Amino acid sequence: MDSVIRFLAEFEVPIYIILGIVAVVFFRRIVLAFEEKKKAIFGLEREAARRNIASAATVLILVGLLTAGEFVVATFLAGELDQAPTYATATIDVLSTPTETLDPAFIEVPEDATPTPTRYPQAEVEGLDTNCVAGILEITSPQHNDHTKGVVRFEGTVNTESLGSYQFDYSTMGEPNWQTISAGSGVKIEESIGNWYTSELLPGPYLVRLTAFDNQGIESDVCIIIIHVDAND
(Lines give C-alpha, C1' and ligand atoms only; values in the text may rest on other atoms or scores of the structure.)
Protein backbone atom coordinates (compact mmCIF):
# COMPACT_ATOMS: atom_id res chain seq x y z
CA MET A 1 0.00 0.00 0.00
CA ASP A 2 2.87 2.36 0.83
CA SER A 3 4.36 1.88 -2.64
CA VAL A 4 0.99 2.71 -4.26
CA ILE A 5 0.71 5.95 -2.26
CA ARG A 6 4.27 6.95 -3.18
CA PHE A 7 3.59 6.16 -6.85
CA LEU A 8 0.43 8.31 -6.90
CA ALA A 9 2.28 11.17 -5.17
CA GLU A 10 5.29 11.00 -7.49
CA PHE A 11 3.20 11.00 -10.68
CA GLU A 12 0.58 13.47 -9.43
CA VAL A 13 0.86 15.90 -12.37
CA PRO A 14 0.74 13.26 -15.19
CA ILE A 15 -2.29 11.63 -13.53
CA TYR A 16 -4.12 14.98 -13.41
CA ILE A 17 -3.31 15.51 -17.12
CA ILE A 18 -4.69 12.08 -18.09
CA LEU A 19 -7.86 12.59 -16.04
CA GLY A 20 -8.29 16.04 -17.60
CA ILE A 21 -8.06 14.61 -21.13
CA VAL A 22 -10.62 11.92 -20.29
CA ALA A 23 -12.94 14.57 -18.80
CA VAL A 24 -12.71 16.74 -21.95
CA VAL A 25 -13.43 13.77 -24.24
CA PHE A 26 -16.54 12.66 -22.36
CA PHE A 27 -17.80 16.20 -21.82
CA ARG A 28 -17.68 16.61 -25.60
CA ARG A 29 -19.66 13.36 -25.94
CA ILE A 30 -22.34 14.77 -23.64
CA VAL A 31 -22.59 17.93 -25.75
CA LEU A 32 -22.90 15.89 -28.96
CA ALA A 33 -25.49 13.59 -27.35
CA PHE A 34 -27.62 16.59 -26.35
CA GLU A 35 -27.47 17.87 -29.94
CA GLU A 36 -28.50 14.45 -31.25
CA LYS A 37 -31.41 14.36 -28.79
CA LYS A 38 -32.66 17.77 -30.00
CA LYS A 39 -32.50 16.64 -33.64
CA ALA A 40 -34.01 13.20 -32.96
CA ILE A 41 -37.36 12.51 -34.62
CA PHE A 42 -38.01 8.94 -33.55
CA GLY A 43 -38.26 7.65 -30.01
CA LEU A 44 -35.42 5.14 -30.49
CA GLU A 45 -33.05 7.93 -31.50
CA ARG A 46 -33.95 9.95 -28.41
CA GLU A 47 -33.51 6.89 -26.20
CA ALA A 48 -30.06 6.21 -27.69
CA ALA A 49 -29.06 9.83 -27.07
CA ARG A 50 -30.23 9.63 -23.45
CA ARG A 51 -28.14 6.47 -22.94
CA ASN A 52 -25.09 8.22 -24.40
CA ILE A 53 -25.63 11.18 -22.05
CA ALA A 54 -26.01 8.90 -19.02
CA SER A 55 -22.90 6.84 -19.80
CA ALA A 56 -20.75 9.92 -20.48
CA ALA A 57 -22.00 11.59 -17.29
CA THR A 58 -21.15 8.44 -15.31
CA VAL A 59 -17.59 8.56 -16.61
CA LEU A 60 -17.31 12.26 -15.74
CA ILE A 61 -18.48 11.57 -12.18
CA LEU A 62 -15.92 8.75 -11.93
CA VAL A 63 -13.18 11.08 -13.21
CA GLY A 64 -14.17 13.64 -10.59
CA LEU A 65 -13.97 11.03 -7.82
CA LEU A 66 -10.58 9.82 -9.06
CA THR A 67 -9.29 13.41 -9.19
CA ALA A 68 -10.44 14.03 -5.62
CA GLY A 69 -8.87 10.76 -4.51
CA GLU A 70 -5.55 11.61 -6.18
CA PHE A 71 -5.55 15.02 -4.46
CA VAL A 72 -6.16 13.45 -1.03
CA VAL A 73 -3.44 10.82 -1.54
CA ALA A 74 -0.80 13.23 -2.90
CA THR A 75 -1.55 16.05 -0.46
CA PHE A 76 -2.34 14.28 2.82
CA LEU A 77 -1.62 10.54 2.81
CA ALA A 78 1.89 10.88 1.34
CA GLY A 79 2.85 13.36 4.07
CA GLU A 80 1.39 11.15 6.81
CA LEU A 81 3.25 8.15 5.40
CA ASP A 82 6.56 9.99 5.71
CA GLN A 83 5.76 11.03 9.29
CA ALA A 84 4.73 7.56 10.45
CA PRO A 85 7.17 6.25 13.07
CA THR A 86 9.41 3.43 11.88
CA TYR A 87 11.69 1.43 14.12
CA ALA A 88 14.69 -0.30 12.69
CA THR A 89 17.82 -1.86 14.11
CA ALA A 90 21.13 -1.56 12.38
CA THR A 91 22.86 -4.89 11.73
CA ILE A 92 26.48 -5.77 11.17
CA ASP A 93 27.41 -7.91 8.19
CA VAL A 94 29.90 -10.40 9.63
CA LEU A 95 30.45 -11.93 6.20
CA SER A 96 31.50 -8.71 4.49
CA THR A 97 34.88 -8.68 2.80
CA PRO A 98 37.36 -6.16 4.25
CA THR A 99 38.49 -3.41 1.92
CA GLU A 100 42.01 -3.81 0.65
CA THR A 101 44.45 -1.08 1.63
CA LEU A 102 47.79 -0.09 0.22
CA ASP A 103 50.87 -1.49 1.86
CA PRO A 104 52.25 1.28 4.09
CA ALA A 105 55.73 0.27 2.99
CA PHE A 106 55.08 1.82 -0.42
CA ILE A 107 53.75 5.13 0.97
CA GLU A 108 56.09 7.82 2.17
CA VAL A 109 54.51 9.60 5.14
CA PRO A 110 56.33 12.19 7.28
CA GLU A 111 56.84 11.06 10.87
CA ASP A 112 55.04 14.12 12.28
CA ALA A 113 52.09 13.91 9.87
CA THR A 114 48.54 13.46 11.21
CA PRO A 115 45.79 11.85 9.14
CA THR A 116 43.11 14.18 7.75
CA PRO A 117 39.64 12.54 7.59
CA THR A 118 37.57 13.09 4.46
CA ARG A 119 34.62 15.34 5.29
CA TYR A 120 31.22 13.92 4.40
CA PRO A 121 29.67 15.81 1.40
CA GLN A 122 27.55 18.57 2.94
CA ALA A 123 26.89 22.31 2.83
CA GLU A 124 29.69 24.72 3.71
CA VAL A 125 27.75 27.84 4.64
CA GLU A 126 29.09 30.45 7.05
CA GLY A 127 27.00 30.64 10.21
CA LEU A 128 25.38 27.21 9.76
CA ASP A 129 26.63 24.20 11.71
CA THR A 130 26.30 20.83 9.98
CA ASN A 131 27.61 17.42 10.89
CA CYS A 132 26.55 14.79 8.35
CA VAL A 133 28.02 11.40 9.28
CA ALA A 134 27.56 8.22 7.26
CA GLY A 135 25.41 5.69 9.08
CA ILE A 136 24.54 8.19 11.83
CA LEU A 137 22.88 11.26 10.32
CA GLU A 138 22.92 11.61 6.54
CA ILE A 139 20.82 12.38 3.47
CA THR A 140 21.67 9.66 0.97
CA SER A 141 19.34 10.45 -1.92
CA PRO A 142 19.41 12.91 -3.56
CA GLN A 143 22.95 13.85 -2.56
CA HIS A 144 24.69 17.16 -1.88
CA ASN A 145 24.68 19.46 -4.96
CA ASP A 146 22.35 17.17 -6.97
CA HIS A 147 19.81 18.69 -9.41
CA THR A 148 16.15 17.70 -9.22
CA LYS A 149 12.57 18.85 -9.89
CA GLY A 150 8.93 17.88 -9.34
CA VAL A 151 8.18 15.57 -6.42
CA VAL A 152 11.47 14.58 -4.78
CA ARG A 153 11.59 11.53 -2.50
CA PHE A 154 14.39 11.92 0.04
CA GLU A 155 16.08 8.97 1.70
CA GLY A 156 18.50 9.05 4.59
CA THR A 157 19.67 7.71 7.92
CA VAL A 158 18.75 8.99 11.39
CA ASN A 159 20.50 6.82 13.95
CA THR A 160 21.90 9.22 16.55
CA GLU A 161 22.40 8.38 20.22
CA SER A 162 19.27 8.59 22.41
CA LEU A 163 17.19 9.43 19.31
CA GLY A 164 13.70 10.66 20.02
CA SER A 165 12.54 12.24 16.75
CA TYR A 166 13.71 14.02 13.62
CA GLN A 167 12.61 16.93 11.42
CA PHE A 168 13.23 17.57 7.72
CA ASP A 169 13.23 21.17 6.41
CA TYR A 170 14.26 23.34 3.46
CA SER A 171 15.19 27.00 3.00
CA THR A 172 16.32 29.41 0.34
CA MET A 173 19.98 30.38 0.34
CA GLY A 174 21.14 33.41 2.29
CA GLU A 175 19.33 34.13 5.55
CA PRO A 176 17.71 30.77 6.44
CA ASN A 177 13.91 30.65 6.55
CA TRP A 178 13.23 27.00 7.29
CA GLN A 179 10.02 25.38 6.04
CA THR A 180 9.14 21.92 7.37
CA ILE A 181 8.88 19.10 4.81
CA SER A 182 8.18 16.23 7.21
CA ALA A 183 8.88 14.91 10.71
CA GLY A 184 8.92 11.54 12.38
CA SER A 185 10.27 9.36 15.16
CA GLY A 186 12.28 6.19 15.39
CA VAL A 187 15.49 5.08 13.70
CA LYS A 188 15.77 5.40 9.91
CA ILE A 189 18.40 3.37 8.03
CA GLU A 190 18.57 4.57 4.41
CA GLU A 191 14.78 4.94 4.33
CA SER A 192 12.32 7.55 3.13
CA ILE A 193 12.42 10.69 5.29
CA GLY A 194 10.07 12.91 3.28
CA ASN A 195 8.64 13.95 -0.09
CA TRP A 196 9.53 17.47 -1.23
CA TYR A 197 7.13 19.14 -3.66
CA THR A 198 9.21 21.61 -5.71
CA SER A 199 6.83 22.42 -8.58
CA GLU A 200 5.87 25.80 -7.07
CA LEU A 201 9.43 26.78 -6.12
CA LEU A 202 11.67 29.12 -8.12
CA PRO A 203 14.59 27.32 -9.80
CA GLY A 204 17.88 27.60 -7.95
CA PRO A 205 19.87 26.24 -4.99
CA TYR A 206 18.12 25.41 -1.71
CA LEU A 207 19.34 24.34 1.72
CA VAL A 208 17.91 21.01 2.91
CA ARG A 209 18.29 20.21 6.63
CA LEU A 210 17.82 16.98 8.59
CA THR A 211 17.72 17.57 12.36
CA ALA A 212 17.85 14.86 15.05
CA PHE A 213 16.38 15.39 18.53
CA ASP A 214 17.11 13.27 21.61
CA ASN A 215 14.44 11.62 23.74
CA GLN A 216 14.12 14.87 25.73
CA GLY A 217 13.24 16.85 22.60
CA ILE A 218 16.62 18.64 22.55
CA GLU A 219 18.41 19.11 19.22
CA SER A 220 21.34 16.70 19.12
CA ASP A 221 22.74 16.99 15.59
CA VAL A 222 22.11 18.57 12.19
CA CYS A 223 22.93 17.55 8.62
CA ILE A 224 22.59 20.21 5.88
CA ILE A 225 23.11 19.76 2.13
CA ILE A 226 22.43 21.92 -0.94
CA ILE A 227 19.95 20.77 -3.62
CA HIS A 228 19.46 22.58 -6.95
CA VAL A 229 15.82 22.77 -8.11
CA ASP A 230 15.55 22.87 -11.91
CA ALA A 231 12.72 24.47 -13.87
CA ASN A 232 9.85 22.16 -14.89
CA ASP A 233 9.71 21.38 -18.61
# chains A, B, ... in the order shown; residues from 1 in each chain; ligands from 1
>>> residues_around(residues="A:Asp146", least_positions_apart="3", cutoff="8 Å", atoms="only C-alpha atoms", output="list of chain:residue names")
A:Pro142, A:Gln143, A:Ile226, A:Ile227, A:His228
>>> write_last_selection(atoms="N, CA and C atoms", output="PDB file, in the first residue's frame")
ATOM      1  N   PRO A 142      18.266  12.538  -2.731  1.00  0.00           N
ATOM      2  CA  PRO A 142      19.413  12.910  -3.563  1.00  0.00           C
ATOM      3  C   PRO A 142      20.576  13.394  -2.703  1.00  0.00           C
ATOM      4  N   GLN A 143      21.761  13.501  -3.315  1.00  0.00           N
ATOM      5  CA  GLN A 143      22.953  13.846  -2.557  1.00  0.00           C
ATOM      6  C   GLN A 143      23.283  15.327  -2.694  1.00  0.00           C
ATOM      7  N   ILE A 226      22.985  20.974   0.040  1.00  0.00           N
ATOM      8  CA  ILE A 226      22.428  21.922  -0.944  1.00  0.00           C
ATOM      9  C   ILE A 226      21.858  21.112  -2.105  1.00  0.00           C
ATOM     10  N   ILE A 227      20.616  21.412  -2.480  1.00  0.00           N
ATOM     11  CA  ILE A 227      19.948  20.767  -3.625  1.00  0.00           C
ATOM     12  C   ILE A 227      19.544  21.855  -4.612  1.00  0.00           C
ATOM     13  N   HIS A 228      19.805  21.621  -5.903  1.00  0.00           N
ATOM     14  CA  HIS A 228      19.456  22.577  -6.953  1.00  0.00           C
ATOM     15  C   HIS A 228      18.131  22.163  -7.585  1.00  0.00           C
TER      16      HIS A 228
END
>>> residues_around(residues="A:Ser162", least_positions_apart="4", cutoff="10 Å", atoms="only C-alpha atoms", output="list in words")
Ala212, Phe213, Asp214, Asn215, Gln216 and Ser220 of chain A
>>> closest_residue(among="A:Glu200, A:Asp169, A:Glu191, A:Asp2", to="A:Leu77", atoms="only C-alpha atoms")
A:Asp2
>>> closest_residue(among="A:Trp196, A:Tyr206, A:Phe42, A:Phe7", to="A:Thr172", atoms="only C-alpha atoms")
A:Tyr206
>>> atom_distance(atom1="atom CA of A:Val63", atom2="atom CA of A:Val22")
7.6 Å
>>> closest_residue(among="A:Pro176, A:Gly43, A:Gly69, A:Gly204", to="A:Lys149", atoms="only C-alpha atoms")
A:Gly204
